[in-house]
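Listing of query_0.cif, mmCIF, C-alpha atoms, pLDDT in the B column; chains and numbers go by the auth columns
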data_entry
#
loop_
_atom_site.group_PDB
_atom_site.id
_atom_site.type_symbol
_atom_site.label_atom_id
_atom_site.label_comp_id
_atom_site.label_asym_id
_atom_site.label_seq_id
_atom_site.Cartn_x
_atom_site.Cartn_y
_atom_site.Cartn_z
_atom_site.B_iso_or_equiv
_atom_site.auth_seq_id
_atom_site.auth_asym_id
ATOM 1 C CA MET A 1 0.000 0.000 0.000 51.00 249 A
ATOM 2 C CA LYS A 2 1.274 3.442 -0.905 57.00 250 A
ATOM 3 C CA PRO A 3 2.133 5.590 2.171 62.00 251 A
ATOM 4 C CA LEU A 4 -0.396 8.329 2.806 61.00 252 A
ATOM 5 C CA PRO A 5 0.925 11.889 3.218 61.00 253 A
ATOM 6 C CA ASP A 6 0.107 13.814 6.377 77.00 254 A
ATOM 7 C CA PRO A 7 0.237 17.475 5.286 81.00 255 A
ATOM 8 C CA GLY A 8 -1.634 18.887 8.279 90.00 256 A
ATOM 9 C CA PHE A 9 0.794 17.434 10.800 93.00 257 A
ATOM 10 C CA ARG A 10 3.809 18.497 8.753 94.00 258 A
ATOM 11 C CA LEU A 11 2.494 22.035 8.436 94.00 259 A
ATOM 12 C CA LEU A 12 1.986 22.167 12.201 95.00 260 A
ATOM 13 C CA LEU A 13 5.676 21.323 12.653 96.00 261 A
ATOM 14 C CA LEU A 14 6.898 23.500 9.812 96.00 262 A
ATOM 15 C CA LEU A 15 5.354 26.776 10.983 97.00 263 A
ATOM 16 C CA PRO A 16 7.352 27.157 14.248 97.00 264 A
ATOM 17 C CA VAL A 17 10.523 26.166 12.420 98.00 265 A
ATOM 18 C CA LEU A 18 9.989 28.828 9.748 97.00 266 A
ATOM 19 C CA VAL A 19 9.091 31.464 12.363 98.00 267 A
ATOM 20 C CA ALA A 20 12.194 30.636 14.403 98.00 268 A
ATOM 21 C CA LEU A 21 14.358 30.649 11.281 97.00 269 A
ATOM 22 C CA ALA A 22 13.055 34.053 10.195 97.00 270 A
ATOM 23 C CA ALA A 23 13.454 35.510 13.683 97.00 271 A
ATOM 24 C CA SER A 24 17.004 34.176 13.993 96.00 272 A
ATOM 25 C CA ALA A 25 17.981 35.825 10.722 96.00 273 A
ATOM 26 C CA ILE A 26 17.031 39.337 11.867 95.00 274 A
ATOM 27 C CA ASP A 27 19.964 40.047 14.161 93.00 275 A
ATOM 28 C CA PRO A 28 22.098 36.961 14.910 93.00 276 A
ATOM 29 C CA TYR A 29 25.168 37.308 17.106 90.00 277 A
ATOM 30 C CA ASP A 30 27.432 36.539 14.150 87.00 278 A
ATOM 31 C CA ARG A 31 26.029 36.391 10.616 90.00 279 A
ATOM 32 C CA LEU A 32 28.544 33.878 9.227 86.00 280 A
ATOM 33 C CA THR A 33 28.094 31.576 12.225 85.00 281 A
ATOM 34 C CA TRP A 34 24.324 31.787 11.808 92.00 282 A
ATOM 35 C CA LEU A 35 24.583 30.777 8.166 91.00 283 A
ATOM 36 C CA MET A 36 26.856 27.829 8.868 88.00 284 A
ATOM 37 C CA GLU A 37 24.691 26.601 11.738 90.00 285 A
ATOM 38 C CA VAL A 38 21.328 26.837 9.964 95.00 286 A
ATOM 39 C CA LEU A 39 22.620 25.570 6.604 94.00 287 A
ATOM 40 C CA PRO A 40 21.482 21.973 7.354 95.00 288 A
ATOM 41 C CA VAL A 41 17.966 23.307 7.964 97.00 289 A
ATOM 42 C CA LEU A 42 18.024 25.253 4.708 97.00 290 A
ATOM 43 C CA LEU A 43 19.079 22.088 2.856 96.00 291 A
ATOM 44 C CA VAL A 44 16.757 19.592 4.535 97.00 292 A
ATOM 45 C CA LEU A 45 13.498 21.580 4.382 96.00 293 A
ATOM 46 C CA PRO A 46 13.339 21.644 0.548 96.00 294 A
ATOM 47 C CA LEU A 47 14.301 17.970 0.454 96.00 295 A
ATOM 48 C CA LEU A 48 11.450 17.045 2.797 96.00 296 A
ATOM 49 C CA ALA A 49 9.034 19.182 0.803 93.00 297 A
ATOM 50 C CA ALA A 50 10.081 17.484 -2.442 94.00 298 A
ATOM 51 C CA THR A 51 9.710 13.948 -1.081 93.00 299 A
ATOM 52 C CA GLY A 52 6.739 14.478 1.247 91.00 300 A
ATOM 53 C CA GLN A 53 4.065 13.322 -1.209 90.00 301 A
ATOM 54 C CA ARG A 54 5.946 10.374 -2.680 91.00 302 A
ATOM 55 C CA PHE A 55 7.558 9.119 0.522 93.00 303 A
ATOM 56 C CA PRO A 56 6.164 10.740 3.681 94.00 304 A
ATOM 57 C CA LEU A 57 8.100 9.953 6.819 96.00 305 A
ATOM 58 C CA SER A 58 6.720 8.806 10.158 96.00 306 A
ATOM 59 C CA ARG A 59 5.252 11.389 12.502 96.00 307 A
ATOM 60 C CA LEU A 60 7.927 10.628 15.088 97.00 308 A
ATOM 61 C CA LEU A 61 10.731 11.292 12.635 98.00 309 A
ATOM 62 C CA TYR A 62 9.141 14.499 11.361 97.00 310 A
ATOM 63 C CA ALA A 63 8.725 15.736 14.935 97.00 311 A
ATOM 64 C CA LEU A 64 12.326 14.986 15.856 98.00 312 A
ATOM 65 C CA ILE A 65 13.582 16.647 12.667 98.00 313 A
ATOM 66 C CA ALA A 66 11.642 19.769 13.674 98.00 314 A
ATOM 67 C CA VAL A 67 13.152 19.707 17.175 98.00 315 A
ATOM 68 C CA HIS A 68 16.629 19.275 15.722 98.00 316 A
ATOM 69 C CA ALA A 69 16.008 22.193 13.369 98.00 317 A
ATOM 70 C CA LEU A 70 15.007 24.411 16.302 98.00 318 A
ATOM 71 C CA ILE A 71 18.179 23.401 18.176 97.00 319 A
ATOM 72 C CA LEU A 72 20.301 24.364 15.168 96.00 320 A
ATOM 73 C CA ILE A 73 18.453 27.640 14.691 97.00 321 A
ATOM 74 C CA GLY A 74 18.928 28.562 18.352 95.00 322 A
ATOM 75 C CA GLY A 75 22.625 27.812 18.108 92.00 323 A
ATOM 76 C CA GLY A 76 22.865 29.899 14.972 92.00 324 A
ATOM 77 C CA ALA A 77 21.105 32.901 16.481 94.00 325 A
ATOM 78 C CA TYR A 78 23.051 33.101 19.750 92.00 326 A
ATOM 79 C CA THR A 79 26.058 30.812 18.970 87.00 327 A
ATOM 80 C CA TYR A 80 26.234 27.621 20.990 86.00 328 A
ATOM 81 C CA ALA A 81 28.554 29.103 23.603 85.00 329 A
ATOM 82 C CA ARG A 82 26.078 31.925 24.354 88.00 330 A
ATOM 83 C CA MET A 83 22.721 30.193 24.062 91.00 331 A
ATOM 84 C CA PRO A 84 20.618 31.400 27.067 93.00 332 A
ATOM 85 C CA LEU A 85 19.184 27.939 27.732 91.00 333 A
ATOM 86 C CA GLY A 86 22.722 26.590 28.018 91.00 334 A
ATOM 87 C CA GLU A 87 23.751 29.487 30.234 91.00 335 A
ATOM 88 C CA TRP A 88 20.884 28.625 32.580 93.00 336 A
ATOM 89 C CA ALA A 89 21.990 24.987 32.702 92.00 337 A
ATOM 90 C CA LYS A 90 25.589 26.056 33.278 88.00 338 A
ATOM 91 C CA ALA A 91 24.587 28.130 36.312 92.00 339 A
ATOM 92 C CA ALA A 92 21.997 25.668 37.638 93.00 340 A
ATOM 93 C CA PHE A 93 24.316 22.657 37.553 90.00 341 A
ATOM 94 C CA GLU A 94 27.569 24.578 38.185 89.00 342 A
ATOM 95 C CA LEU A 95 29.139 23.490 34.907 85.00 343 A
ATOM 96 C CA GLN A 96 32.404 24.821 33.529 85.00 344 A
ATOM 97 C CA ARG A 97 30.954 25.537 30.070 86.00 345 A
ATOM 98 C CA ASN A 98 27.696 26.150 28.253 89.00 346 A
ATOM 99 C CA PRO A 99 26.435 22.630 27.392 89.00 347 A
ATOM 100 C CA TYR A 100 23.973 23.612 24.661 92.00 348 A
ATOM 101 C CA ASP A 101 26.210 22.347 21.855 91.00 349 A
ATOM 102 C CA LYS A 102 26.142 18.870 23.415 92.00 350 A
ATOM 103 C CA LEU A 103 22.366 18.873 23.013 94.00 351 A
ATOM 104 C CA GLY A 104 22.940 19.645 19.354 93.00 352 A
ATOM 105 C CA HIS A 105 25.358 16.753 18.940 94.00 353 A
ATOM 106 C CA LEU A 106 22.989 14.407 20.775 97.00 354 A
ATOM 107 C CA ALA A 107 20.336 15.300 18.207 97.00 355 A
ATOM 108 C CA GLN A 108 22.932 14.997 15.458 96.00 356 A
ATOM 109 C CA GLY A 109 23.254 11.324 16.346 97.00 357 A
ATOM 110 C CA LEU A 110 19.627 10.593 17.211 98.00 358 A
ATOM 111 C CA VAL A 111 17.807 12.077 14.219 98.00 359 A
ATOM 112 C CA PRO A 112 20.021 10.736 11.390 98.00 360 A
ATOM 113 C CA ALA A 113 20.065 7.283 13.012 98.00 361 A
ATOM 114 C CA LEU A 114 16.277 7.220 13.163 98.00 362 A
ATOM 115 C CA ALA A 115 16.068 8.441 9.557 98.00 363 A
ATOM 116 C CA VAL A 116 18.443 5.738 8.340 98.00 364 A
ATOM 117 C CA ARG A 117 16.558 3.087 10.316 98.00 365 A
ATOM 118 C CA GLU A 118 13.297 4.193 8.715 97.00 366 A
ATOM 119 C CA LEU A 119 14.715 4.172 5.198 97.00 367 A
ATOM 120 C CA LEU A 120 16.288 0.741 5.643 97.00 368 A
ATOM 121 C CA LEU A 121 13.163 -0.872 7.080 97.00 369 A
ATOM 122 C CA ARG A 122 10.510 0.776 4.931 96.00 370 A
ATOM 123 C CA HIS A 123 12.439 0.184 1.704 95.00 371 A
ATOM 124 C CA ARG A 124 13.111 -3.359 2.937 95.00 372 A
ATOM 125 C CA LEU A 125 16.810 -2.978 2.286 95.00 373 A
ATOM 126 C CA VAL A 126 17.479 -4.816 5.549 93.00 374 A
ATOM 127 C CA ALA A 127 15.132 -7.404 7.037 89.00 375 A
ATOM 128 C CA ASP A 128 16.903 -7.894 10.349 94.00 376 A
ATOM 129 C CA ARG A 129 16.139 -5.084 12.820 94.00 377 A
ATOM 130 C CA VAL A 130 19.383 -5.597 14.750 96.00 378 A
ATOM 131 C CA LEU A 131 21.402 -5.137 11.551 97.00 379 A
ATOM 132 C CA ALA A 132 19.305 -2.081 10.660 97.00 380 A
ATOM 133 C CA ALA A 133 20.057 -0.619 14.086 98.00 381 A
ATOM 134 C CA ALA A 134 23.790 -1.251 13.729 98.00 382 A
ATOM 135 C CA LEU A 135 23.890 0.326 10.269 98.00 383 A
ATOM 136 C CA ALA A 136 21.876 3.319 11.478 98.00 384 A
ATOM 137 C CA VAL A 137 24.363 3.971 14.280 98.00 385 A
ATOM 138 C CA CYS A 138 27.292 3.597 11.875 98.00 386 A
ATOM 139 C CA VAL A 139 25.815 6.111 9.415 98.00 387 A
ATOM 140 C CA ALA A 140 25.024 8.569 12.208 98.00 388 A
ATOM 141 C CA MET A 141 28.593 8.325 13.488 97.00 389 A
ATOM 142 C CA ALA A 142 29.930 8.829 9.968 97.00 390 A
ATOM 143 C CA ILE A 143 27.829 12.007 9.698 96.00 391 A
ATOM 144 C CA SER A 144 29.196 13.163 13.063 95.00 392 A
ATOM 145 C CA ALA A 145 32.761 12.533 11.916 94.00 393 A
ATOM 146 C CA VAL A 146 32.204 14.413 8.653 93.00 394 A
ATOM 147 C CA TYR A 147 30.755 17.353 10.593 89.00 395 A
ATOM 148 C CA GLU A 148 33.857 17.467 12.787 87.00 396 A
ATOM 149 C CA LEU A 149 36.003 17.495 9.642 88.00 397 A
ATOM 150 C CA ILE A 150 33.922 20.405 8.338 85.00 398 A
ATOM 151 C CA GLU A 151 34.562 22.264 11.597 80.00 399 A
ATOM 152 C CA TRP A 152 38.292 21.560 11.230 81.00 400 A
ATOM 153 C CA ALA A 153 38.241 22.844 7.628 82.00 401 A
ATOM 154 C CA ALA A 154 36.386 25.970 8.771 76.00 402 A
ATOM 155 C CA ALA A 155 39.005 26.556 11.455 74.00 403 A
ATOM 156 C CA LEU A 156 41.789 26.299 8.872 75.00 404 A
ATOM 157 C CA ALA A 157 39.993 28.540 6.377 74.00 405 A
ATOM 158 C CA LEU A 158 38.687 31.203 8.740 68.00 406 A
ATOM 159 C CA GLY A 159 41.287 31.127 11.494 62.00 407 A
ATOM 160 C CA GLN A 160 40.099 32.998 14.579 53.00 408 A
ATOM 161 C CA GLY A 161 36.846 33.818 12.808 50.00 409 A
ATOM 162 C CA ALA A 162 35.733 30.199 13.159 50.00 410 A
ATOM 163 C CA GLU A 163 35.755 30.293 16.960 54.00 411 A
ATOM 164 C CA GLU A 164 32.025 30.996 17.237 52.00 412 A
ATOM 165 C CA PHE A 165 31.202 28.163 14.826 51.00 413 A
ATOM 166 C CA LEU A 166 33.487 25.699 16.584 53.00 414 A
ATOM 167 C CA GLY A 167 32.170 26.532 20.041 54.00 415 A
ATOM 168 C CA THR A 168 34.941 24.596 21.794 55.00 416 A
ATOM 169 C CA GLN A 169 34.953 27.006 24.767 59.00 417 A
ATOM 170 C CA GLY A 170 38.548 26.058 25.518 59.00 418 A
ATOM 171 C CA ASP A 171 37.824 22.316 25.775 66.00 419 A
ATOM 172 C CA PRO A 172 40.683 20.307 24.191 69.00 420 A
ATOM 173 C CA TRP A 173 38.450 17.223 24.041 73.00 421 A
ATOM 174 C CA ASP A 174 35.493 18.969 22.410 80.00 422 A
ATOM 175 C CA THR A 175 35.661 16.910 19.205 84.00 423 A
ATOM 176 C CA GLN A 176 35.715 13.612 21.072 89.00 424 A
ATOM 177 C CA SER A 177 32.880 14.585 23.424 90.00 425 A
ATOM 178 C CA ASP A 178 30.814 15.814 20.454 92.00 426 A
ATOM 179 C CA MET A 179 31.129 12.429 18.766 94.00 427 A
ATOM 180 C CA PHE A 180 30.392 10.644 22.037 96.00 428 A
ATOM 181 C CA MET A 181 27.145 12.597 22.365 96.00 429 A
ATOM 182 C CA ALA A 182 26.269 11.598 18.794 97.00 430 A
ATOM 183 C CA LEU A 183 26.931 7.971 19.745 98.00 431 A
ATOM 184 C CA ILE A 184 24.618 8.276 22.734 98.00 432 A
ATOM 185 C CA GLY A 185 21.918 9.883 20.581 98.00 433 A
ATOM 186 C CA SER A 186 22.121 7.277 17.821 98.00 434 A
ATOM 187 C CA SER A 187 22.103 4.443 20.358 98.00 435 A
ATOM 188 C CA LEU A 188 18.991 5.875 22.024 98.00 436 A
ATOM 189 C CA ALA A 189 17.301 6.140 18.635 98.00 437 A
ATOM 190 C CA VAL A 190 17.667 2.439 17.810 98.00 438 A
ATOM 191 C CA THR A 191 16.968 1.126 21.306 98.00 439 A
ATOM 192 C CA VAL A 192 14.761 3.313 23.500 97.00 440 A
ATOM 193 C CA LEU A 193 12.787 4.781 20.580 98.00 441 A
ATOM 194 C CA ALA A 194 12.652 1.636 18.432 97.00 442 A
ATOM 195 C CA ARG A 195 9.163 0.414 19.400 97.00 443 A
ATOM 196 C CA TRP A 196 7.690 3.908 19.278 97.00 444 A
ATOM 197 C CA HIS A 197 9.299 4.332 15.871 98.00 445 A
ATOM 198 C CA ASP A 198 7.859 1.017 14.645 97.00 446 A
ATOM 199 C CA ARG A 199 4.351 2.055 15.693 96.00 447 A
ATOM 200 C CA SER A 200 4.773 5.454 14.056 96.00 448 A
ATOM 201 C CA MET A 201 5.920 3.856 10.797 96.00 449 A
ATOM 202 C CA ALA A 202 3.030 1.373 10.883 94.00 450 A
ATOM 203 C CA ARG A 203 0.505 4.215 10.847 92.00 451 A
ATOM 204 C CA ILE A 204 1.580 5.405 7.382 86.00 452 A
ATOM 205 C CA ARG A 205 1.246 2.042 5.644 59.00 453 A
#
As a first step, turn the structure in this file into structure tokens.
Amino acid sequence: MKPLPDPGFRLLLLLPVLVALAASAIDPYDRLTWLMEVLPVLLVLPLLAATGQRFPLSRLLYALIAVHALILIGGGAYTYARMPLGEWAKAAFELQRNPYDKLGHLAQGLVPALAVRELLLRHRLVADRVLAAALAVCVAMAISAVYELIEWAAALALGQGAEEFLGTQGDPWDTQSDMFMALIGSSLAVTVLARWHDRSMARIR
């Protein structure tokens, strides 16, 4: 049976993302950092719009993509090191740095892993759910590694101007902890969220 599109639900998720994106573009802390941080949103939204009728995704995946987009937009508007939500957490839990970027990297692992899992299972590319989970985590970690390479390239190209984009806040192990958060996120996606994801996918068949 052909999957049925769910335009009302998608529009409900899209509106706050577009509003947040427009608001973040008015006066971001650093324009170049804003562009680099929200670029994934600018690339993914047209892709989802183009494929929404032919291959609509599960409601759970759409919702998590929207949340991830809002995380990226917030980081772009304030920079990750200055995000007010992270500053609150830093003060409340007596942390040494603003932890907002770790939330972003958690989502960076969770959302791609869930997307890969959905594509593998719905296209029947993999029948075994354990293998699908393993492949989803591997792809999510590959995306995380590529993103860290992009940050490295930006640092080489922009020099000191890349500091806001990198958001290391003086942490020499920032790259490793970013990838570890992506590993945690991808692992949660294929374990804790697996049954919820299965039910959400079943509703569109």
Write out as JSON, numbers by chain which residues come within 6 Å of range 346-354 of chain A when counting only C-alpha atoms, dropping same-chain ones fewer than 6 positions away.
-> {"A": [328, 329, 334, 335, 338, 426, 429, 430, 433]}
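Considering all atoms listed in the file, the residue among A:Thr423, A:Met331, A:Val385, A:Ala325 positioned nearest to Arg279 in chain A is A:Ala325.
Relative to CA of Val438 in chain A, CA of Val286 in chain A is found at 25.9 Å.
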Interatomic distance, CA of Arg365 in chain A to CA of Ala380 in chain A (Å, one decimal) = 5.9 Å
Determine the residue membership of the PyMOL selection byres ((chain A and resi 265-270) around 8) for the file above and supply it as number ranges by chain.
-> A: 261-264, 271-274, 314, 317-318, 321
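Interatomic distance, CA of Ala403 in chain A to CA of Ala390 in chain A: 20.0 Å.
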May I ask which of the residues A:Arg372, A:His316, A:Arg307, A:Arg302 is the closest one to Gly256 in chain A, counting only C-alpha atoms?
-> A:Arg307
